[in-house]
Amino acid sequence: MVNLSKEVKVSAETLKDRLVDIRRQFHRYPETAFEEERTGEYISALLEKQGLEVNKNVAGTGVVALLKGSQEGKTIALRADMDALPLQDIKDVDYSSRHPGVCHACGHDAHMAVVIGAALLLIKYRDRVKGQVKFLFQPAEEKPPGGASFMIEAGALENPAVDAILGIHTNPYLPVGSAAFKKGPVMAAADLIHIKIIGSGGHGAAPHQAVDPIVAASQVIQGLQLIPSRMVDPLEPVVVTIGRIQGGEKFNIIPREVELEGTVRTLNPRLRHEVREMIEKILGGISSACGAQYELEYIRNYPVLMNHDEITGHVIEASREILGEDHTVILEKPLMGSEDFANYLERIPGSYFFLGVGPEEGSPIYPWHHPGFDINEEALPTGAALMAWAALNLLEKL
C-alpha cells in the first residue's frame with residue numbers, strides 16, 4: 001500500500017489544473033444556503049459523466065453520488081458543503097464572484113473541488129476499492145439548523161448504509177501540503193440567543209418618566225460576561241457573544257424595546273444545557289432592577305463536533321503515509337467555531353480534519369468569512385489525495 005500511496009499522490013498532482021478550474025467555477029458562481037441549484041447541477045453532470053450513480057436534489061439542492069468498488073466491503077462517505085456566504089467579494093482576480101453580495105469566503109468551493117478530486121482518484125483506482133464510497137455534496141452548512149440534518153432526513157446515509165464519514169475544511173493558517181487532526185472534540189456547539197428588553201418609551205429629557213431598555217440592554221451585555229468569567233469553571237471553555245443590537249429611532253427618544261442577538265459556544269454538553277439558566281438569571285435580575293421586562297429565545301443549533309478516536313487514528317495514519325510525518329499536524333485544542341458535520345457524527349463514526357491552504361510567503365492571510373478570503377490552489381491535489389487515500393485505508397480496516 002505504501003507504493004500505492006505515492007502513486008495516488010502523483011495521480012492527484014496530474015489533476016491539479018482540472019481541480020483549479022472546477023474550484024474557480026464554483027467561486028465565480030456562488031450560491032447561498034438552499035439556493036445551490038447551479039452548483040448541484042454542475043456536480044451532478046460531472047459525476048454522471050464519470051459513470052457514478054447520482055441522486056440529485058437531495059434535501060433540496062444536495063447531491064449524493066455512489067462509487068461501487070471491485071470488492072465487497074463497507075461504505076465510506078466523503079462530505080463537502082456547497083453554500084456560499086451573503087458577503088461581497090473584494091478580491092481583484094479573474095475568478096472573483098460574479099454574484100453581487102455573495103461569495104465563497106469559507107472554502108466550500110475548495111471542499112467541493114477536493115471531494116470531486118477524491119472521486120476521480122477513486123474511480124481510477126476502483127480495483128483497490130474494497131466496498132463503496134458515497135460522495136455527499138450538502139447544502140446550507142452556513143444556515144442553522146444546517147443542511148446536514150436535512151440530508152440525514154432525506155436518507156443520504158442509507159441505501160447503502162454508511163459505516164463511517166469523513167469531512168474536510170480549509171485552514172488558511174496551515175501551510176500547503178499539510179493537514180491537521182484531532183481526536184475527540186474538534187469544534188464547539190453553537191446556539192443562538194435572541195433577547196428582547198422591554199421598557200416604556202419616553203422623552204430623552206425625562207428619563208424618570210420612562211423605563212429605558214437601552215440602559216437595561218447595556219447592563220445585560222456586560223452581565224452576560226459574568227458567565228465565562230465568574231459563573232463557569234475557568235478551565236471549561238464557553239463563549240457568550242452579542243453580535244447584534246437593534247433599538248431606538250431618534251437621539252432624543254427613549255425607545256420601548258431593544259433587541260439583542262448573539263451566540264453561545266460550549267464544548268461540554270452538560271454546560272450547554274446549564275448556560276440557558278445562567279442567562280435567564282442575569283436577564284431576570286437586571287430587568288427587575290431596571291423596571292423592565294425581557295423575552296428570551298434560545299435556539300440550539302449545531303452540537304459539539306466530536307471525532308471518533310479509532311477512525312481519526314486511521315486517518316492520521318493515512319496522512320502520515322501520503323503527506324509525511326512533518327506535514328501531519330496533531331491539534332492540541334479544539335476550535336470554538338462550529339460545523340453541522342457534527343450531526344453526522346452523532347449518528348455514525350467519522351472524522352473531520354483541516355487542509356492547509358496558507359498563502360504564499362508575503363501574501364496576507366485572511367480568516368474565514370472575510371470578504372478577501374482565498375486559498376492557495378496548490379492545496380487542491382493534496383486534499384484530493386488525502387481524502388482518497390484515507391477512504392481506501394478505512395475500507396481496508398473497517
# chains A, B, ... in the order shown; residues from 1 in each chain; ligands from 1
>>> closest_atom_pairs(of="range 178-240 of chain A", to="range 323-346 of chain A", cutoff="12 Å", atoms="only C-alpha atoms", output="JSON lines")
{"residue": "A:Ser178", "atom": "CA", "partner": "A:His327", "partner_atom": "CA", "distance": 4.4}
{"residue": "A:Ala179", "atom": "CA", "partner": "A:Thr328", "partner_atom": "CA", "distance": 5.5}
{"residue": "A:Ala180", "atom": "CA", "partner": "A:Val329", "partner_atom": "CA", "distance": 4.4}
{"residue": "A:Phe181", "atom": "CA", "partner": "A:Ile330", "partner_atom": "CA", "distance": 5.1}
{"residue": "A:Lys182", "atom": "CA", "partner": "A:Leu331", "partner_atom": "CA", "distance": 5.3}
{"residue": "A:Lys183", "atom": "CA", "partner": "A:Leu331", "partner_atom": "CA", "distance": 8.6}
{"residue": "A:Gly184", "atom": "CA", "partner": "A:Pro334", "partner_atom": "CA", "distance": 8.7}
{"residue": "A:Pro185", "atom": "CA", "partner": "A:Pro334", "partner_atom": "CA", "distance": 6.2}
{"residue": "A:Val186", "atom": "CA", "partner": "A:Pro334", "partner_atom": "CA", "distance": 4.4}
{"residue": "A:Met187", "atom": "CA", "partner": "A:Leu335", "partner_atom": "CA", "distance": 4.9}
{"residue": "A:Ala188", "atom": "CA", "partner": "A:Met336", "partner_atom": "CA", "distance": 4.9}
{"residue": "A:Ala189", "atom": "CA", "partner": "A:Ser338", "partner_atom": "CA", "distance": 6.1}
{"residue": "A:Ala190", "atom": "CA", "partner": "A:Ser338", "partner_atom": "CA", "distance": 6.0}
{"residue": "A:Asp191", "atom": "CA", "partner": "A:Ser338", "partner_atom": "CA", "distance": 9.6}
{"residue": "A:Glu236", "atom": "CA", "partner": "A:Met336", "partner_atom": "CA", "distance": 11.9}
{"residue": "A:Pro237", "atom": "CA", "partner": "A:Met336", "partner_atom": "CA", "distance": 8.3}
{"residue": "A:Val238", "atom": "CA", "partner": "A:Met336", "partner_atom": "CA", "distance": 8.3}
{"residue": "A:Val239", "atom": "CA", "partner": "A:Met336", "partner_atom": "CA", "distance": 7.9}
{"residue": "A:Val240", "atom": "CA", "partner": "A:Met336", "partner_atom": "CA", "distance": 11.0}
>>> select_by_dssp(residues="range 134-253 of chain A", states="alpha helix (DSSP H)", output="ChimeraX atom specification")
/A:147-153,213-224,226
>>> write_last_selection(atoms="C-alpha atoms", output="PDB file, in the first residue's frame")
ATOM      1  CA  GLY A 147     -28.201  21.131   5.693  1.00  0.00           C
ATOM      2  CA  ALA A 148     -26.636  18.068   7.321  1.00  0.00           C
ATOM      3  CA  SER A 149     -29.801  17.325   9.309  1.00  0.00           C
ATOM      4  CA  PHE A 150     -31.890  17.597   6.143  1.00  0.00           C
ATOM      5  CA  MET A 151     -29.506  15.313   4.230  1.00  0.00           C
ATOM      6  CA  ILE A 152     -29.813  12.743   7.017  1.00  0.00           C
ATOM      7  CA  GLU A 153     -33.624  13.001   6.983  1.00  0.00           C
ATOM      8  CA  PRO A 213     -34.456  49.477  27.609  1.00  0.00           C
ATOM      9  CA  ILE A 214     -31.174  50.778  26.167  1.00  0.00           C
ATOM     10  CA  VAL A 215     -29.681  51.216  29.634  1.00  0.00           C
ATOM     11  CA  ALA A 216     -31.001  47.786  30.648  1.00  0.00           C
ATOM     12  CA  ALA A 217     -29.651  46.203  27.460  1.00  0.00           C
ATOM     13  CA  SER A 218     -26.202  47.702  28.032  1.00  0.00           C
ATOM     14  CA  GLN A 219     -26.139  46.182  31.509  1.00  0.00           C
ATOM     15  CA  VAL A 220     -27.310  42.842  30.118  1.00  0.00           C
ATOM     16  CA  ILE A 221     -24.435  42.796  27.622  1.00  0.00           C
ATOM     17  CA  GLN A 222     -21.959  43.395  30.425  1.00  0.00           C
ATOM     18  CA  GLY A 223     -23.739  40.991  32.752  1.00  0.00           C
ATOM     19  CA  LEU A 224     -23.600  38.114  30.284  1.00  0.00           C
ATOM     20  CA  LEU A 226     -20.163  37.035  34.113  1.00  0.00           C
TER      21      LEU A 226
END
>>> closest_residue(among="A:Ala77, A:Ala12, A:Leu192, A:Leu166", to="Lys124 in chain A", atoms="only C-alpha atoms")
A:Ala12
>>> residues_around(residues="Pro367 in chain A", least_positions_apart="3", cutoff="12 Å", atoms="only C-alpha atoms", output="list in words")
Ala105, Cys106, Gly107, Thr170, Asn171, Pro172, Tyr173, Leu174, Val357, Gly358, Pro359, Pro364, His370, Pro371, Gly372, Phe373, Asp374 and Ile375 of chain A
>>> write_last_selection(atoms="C-alpha atoms", output="PDB file, in the first residue's frame")
ATOM      1  CA  ALA A 105     -15.396  33.115   1.894  1.00  0.00           C
ATOM      2  CA  CYS A 106     -15.163  29.905   3.900  1.00  0.00           C
ATOM      3  CA  GLY A 107     -13.579  27.500   1.436  1.00  0.00           C
ATOM      4  CA  THR A 170      -9.671  24.574   4.585  1.00  0.00           C
ATOM      5  CA  ASN A 171      -7.368  26.292   7.065  1.00  0.00           C
ATOM      6  CA  PRO A 172      -5.511  29.427   5.873  1.00  0.00           C
ATOM      7  CA  TYR A 173      -3.202  29.291   8.899  1.00  0.00           C
ATOM      8  CA  LEU A 174      -1.728  25.922   7.886  1.00  0.00           C
ATOM      9  CA  VAL A 357      -4.330  26.322   2.245  1.00  0.00           C
ATOM     10  CA  GLY A 358      -1.998  29.042   3.537  1.00  0.00           C
ATOM     11  CA  PRO A 359      -0.936  31.693   1.004  1.00  0.00           C
ATOM     12  CA  PRO A 364      -1.827  38.385   3.510  1.00  0.00           C
ATOM     13  CA  HIS A 370     -13.530  37.736   5.442  1.00  0.00           C
ATOM     14  CA  PRO A 371     -14.515  39.245   2.060  1.00  0.00           C
ATOM     15  CA  GLY A 372     -10.929  38.814   0.886  1.00  0.00           C
ATOM     16  CA  PHE A 373     -10.690  35.128   1.853  1.00  0.00           C
ATOM     17  CA  ASP A 374      -8.943  32.955  -0.712  1.00  0.00           C
ATOM     18  CA  ILE A 375      -6.998  29.707  -0.818  1.00  0.00           C
TER      19      ILE A 375
END
>>> residues_around(residues="range 78-80 of chain A", least_positions_apart="4", cutoff="7 Å", atoms="only C-alpha atoms", output="PDB file with N, CA and C atoms, in the first residue's frame")
ATOM      1  N   HIS A 111     -13.690  22.729  -0.829  1.00  0.00           N
ATOM      2  CA  HIS A 111     -14.161  21.442  -0.302  1.00  0.00           C
ATOM      3  C   HIS A 111     -14.787  20.612  -1.426  1.00  0.00           C
ATOM      4  N   MET A 112     -15.613  21.261  -2.240  1.00  0.00           N
ATOM      5  CA  MET A 112     -16.247  20.539  -3.347  1.00  0.00           C
ATOM      6  C   MET A 112     -15.214  20.048  -4.348  1.00  0.00           C
ATOM      7  N   VAL A 115     -13.319  17.000  -2.881  1.00  0.00           N
ATOM      8  CA  VAL A 115     -14.081  15.753  -2.873  1.00  0.00           C
ATOM      9  C   VAL A 115     -14.304  15.244  -4.301  1.00  0.00           C
ATOM     10  N   LYS A 134     -19.530   6.848  -0.876  1.00  0.00           N
ATOM     11  CA  LYS A 134     -20.560   7.832  -1.174  1.00  0.00           C
ATOM     12  C   LYS A 134     -19.935   9.215  -1.127  1.00  0.00           C
ATOM     13  N   PHE A 135     -20.345  10.053  -2.052  1.00  0.00           N
ATOM     14  CA  PHE A 135     -19.881  11.438  -2.078  1.00  0.00           C
ATOM     15  C   PHE A 135     -21.094  12.323  -1.795  1.00  0.00           C
ATOM     16  N   LEU A 136     -21.064  13.002  -0.649  1.00  0.00           N
ATOM     17  CA  LEU A 136     -22.183  13.839  -0.233  1.00  0.00           C
ATOM     18  C   LEU A 136     -21.851  15.307  -0.467  1.00  0.00           C
ATOM     19  N   PHE A 137     -22.623  15.960  -1.297  1.00  0.00           N
ATOM     20  CA  PHE A 137     -22.478  17.394  -1.527  1.00  0.00           C
ATOM     21  C   PHE A 137     -23.698  18.051  -0.891  1.00  0.00           C
ATOM     22  N   GLN A 138     -23.456  18.702   0.218  1.00  0.00           N
ATOM     23  CA  GLN A 138     -24.524  19.144   1.127  1.00  0.00           C
ATOM     24  C   GLN A 138     -24.804  20.636   1.030  1.00  0.00           C
ATOM     25  N   ILE A 165     -17.795   8.300   8.072  1.00  0.00           N
ATOM     26  CA  ILE A 165     -17.853   9.502   7.237  1.00  0.00           C
ATOM     27  C   ILE A 165     -16.647  10.393   7.504  1.00  0.00           C
ATOM     28  N   LEU A 166     -16.145  11.027   6.453  1.00  0.00           N
ATOM     29  CA  LEU A 166     -15.024  11.952   6.555  1.00  0.00           C
ATOM     30  C   LEU A 166     -15.415  13.316   6.001  1.00  0.00           C
ATOM     31  N   GLY A 167     -14.929  14.362   6.646  1.00  0.00           N
ATOM     32  CA  GLY A 167     -15.147  15.722   6.173  1.00  0.00           C
ATOM     33  C   GLY A 167     -13.867  16.519   6.284  1.00  0.00           C
TER      34      GLY A 167
END
>>> closest_residue(among="A:Ile242, A:Ala210, A:Asp233, A:Lys91", to="Tyr366 in chain A", atoms="only C-alpha atoms")
A:Lys91
>>> atom_distance(atom1="CA of Ser319 in chain A", atom2="CA of Ala65 in chain A")
24.3 Å
>>> closest_residue(among="A:Ala318, A:Ile22, A:Gly131, A:Ser287", to="Asp212 in chain A", atoms="only C-alpha atoms")
A:Ser287
>>> residues_around(residues="Ile198 in chain A", least_positions_apart="3", cutoff="12 Å", atoms="only C-alpha atoms", output="CSV table (one decimal) with C-alpha atoms, in the first residue's frame")
chain,number,residue,atom,x,y,z
A,195,ILE,CA,-33.2,38.7,23.7
A,201,GLY,CA,-40.8,54.8,25.8
A,210,ALA,CA,-39.8,56.1,31.2
A,211,VAL,CA,-38.2,52.7,31.6
A,212,ASP,CA,-35.1,52.8,29.4
A,213,PRO,CA,-34.5,49.5,27.6
A,214,ILE,CA,-31.2,50.8,26.2
A,215,VAL,CA,-29.7,51.2,29.6
A,216,ALA,CA,-31.0,47.8,30.6
A,217,ALA,CA,-29.7,46.2,27.5
A,247,GLY,CA,-33.2,49.7,19.1
A,254,ILE,CA,-36.2,56.6,24.7
A,255,PRO,CA,-37.5,53.5,22.8
A,256,ARG,CA,-39.9,51.0,24.1
A,257,GLU,CA,-37.7,48.0,23.4
A,258,VAL,CA,-34.3,46.8,22.3
A,259,GLU,CA,-33.3,43.5,20.6
A,260,LEU,CA,-30.1,41.7,21.2
A,283,LEU,CA,-31.8,38.7,32.5
A,286,ILE,CA,-31.1,43.2,35.6
A,287,SER,CA,-34.5,43.6,34.1
A,288,SER,CA,-36.1,43.7,37.5
A,290,CYS,CA,-34.3,48.5,35.8
A,291,GLY,CA,-38.1,48.1,35.9
A,292,ALA,CA,-38.0,46.4,32.5
A,293,GLN,CA,-39.2,43.0,31.2
A,294,TYR,CA,-37.5,40.6,28.9
A,295,GLU,CA,-38.1,37.8,26.4
A,296,LEU,CA,-35.5,35.1,25.6
>>> residues_around(residues="Leu67 in chain A", least_positions_apart="5", cutoff="10 Å", atoms="only C-alpha atoms", output="PyMOL selection string")
chain A and resi 47+50-54+75-76+119+122-123+126+129+131-135
>>> write_last_selection(atoms="C-alpha atoms", output="PDB file, in the first residue's frame")
ATOM      1  CA  LEU A  47     -20.037  12.848 -11.745  1.00  0.00           C
ATOM      2  CA  GLN A  50     -17.670   9.704 -14.781  1.00  0.00           C
ATOM      3  CA  GLY A  51     -20.125   6.823 -14.543  1.00  0.00           C
ATOM      4  CA  LEU A  52     -21.194   7.232 -10.913  1.00  0.00           C
ATOM      5  CA  GLU A  53     -24.725   6.618  -9.682  1.00  0.00           C
ATOM      6  CA  VAL A  54     -26.002  10.115  -8.899  1.00  0.00           C
ATOM      7  CA  THR A  75     -19.372   2.021   2.835  1.00  0.00           C
ATOM      8  CA  ILE A  76     -17.468   5.259   3.461  1.00  0.00           C
ATOM      9  CA  ALA A 119     -13.871  10.802  -6.576  1.00  0.00           C
ATOM     10  CA  LEU A 122     -11.050   6.521  -6.522  1.00  0.00           C
ATOM     11  CA  ILE A 123     -12.605   5.892  -9.924  1.00  0.00           C
ATOM     12  CA  ARG A 126     -11.635   1.308  -8.388  1.00  0.00           C
ATOM     13  CA  VAL A 129     -11.780  -0.037  -3.508  1.00  0.00           C
ATOM     14  CA  GLY A 131     -16.564  -1.629  -0.650  1.00  0.00           C
ATOM     15  CA  GLN A 132     -18.325   1.540  -1.658  1.00  0.00           C
ATOM     16  CA  VAL A 133     -17.772   5.282  -1.389  1.00  0.00           C
ATOM     17  CA  LYS A 134     -20.560   7.832  -1.174  1.00  0.00           C
ATOM     18  CA  PHE A 135     -19.881  11.438  -2.078  1.00  0.00           C
TER      19      PHE A 135
END
>>> closest_residue(among="A:Gly73, A:Pro144, A:Pro30, A:Gly155", to="Asp109 in chain A", atoms="only C-alpha atoms")
A:Pro30
>>> closest_residue(among="A:Lys130, A:Arg347, A:His194, A:Lys16", to="Lys74 in chain A", atoms="only C-alpha atoms")
A:Lys130
>>> residues_around(residues="Ile227 in chain A", least_positions_apart="2", cutoff="8 Å", atoms="only C-alpha atoms", output="PyMOL selection string")
chain A and resi 223-225+229-232+240+275+278-279
>>> closest_residue(among="A:Lys196, A:Lys68, A:Arg128, A:His169", to="Gly262 in chain A", atoms="only C-alpha atoms")
A:Lys196
>>> select_by_dssp(residues="range 160-322 of chain A", states="strand (DSSP E)", output="ChimeraX atom specification")
/A:164-171,179-181,184-187,189-198,202-203,238-247,253-254,257-266,293-302,305-307
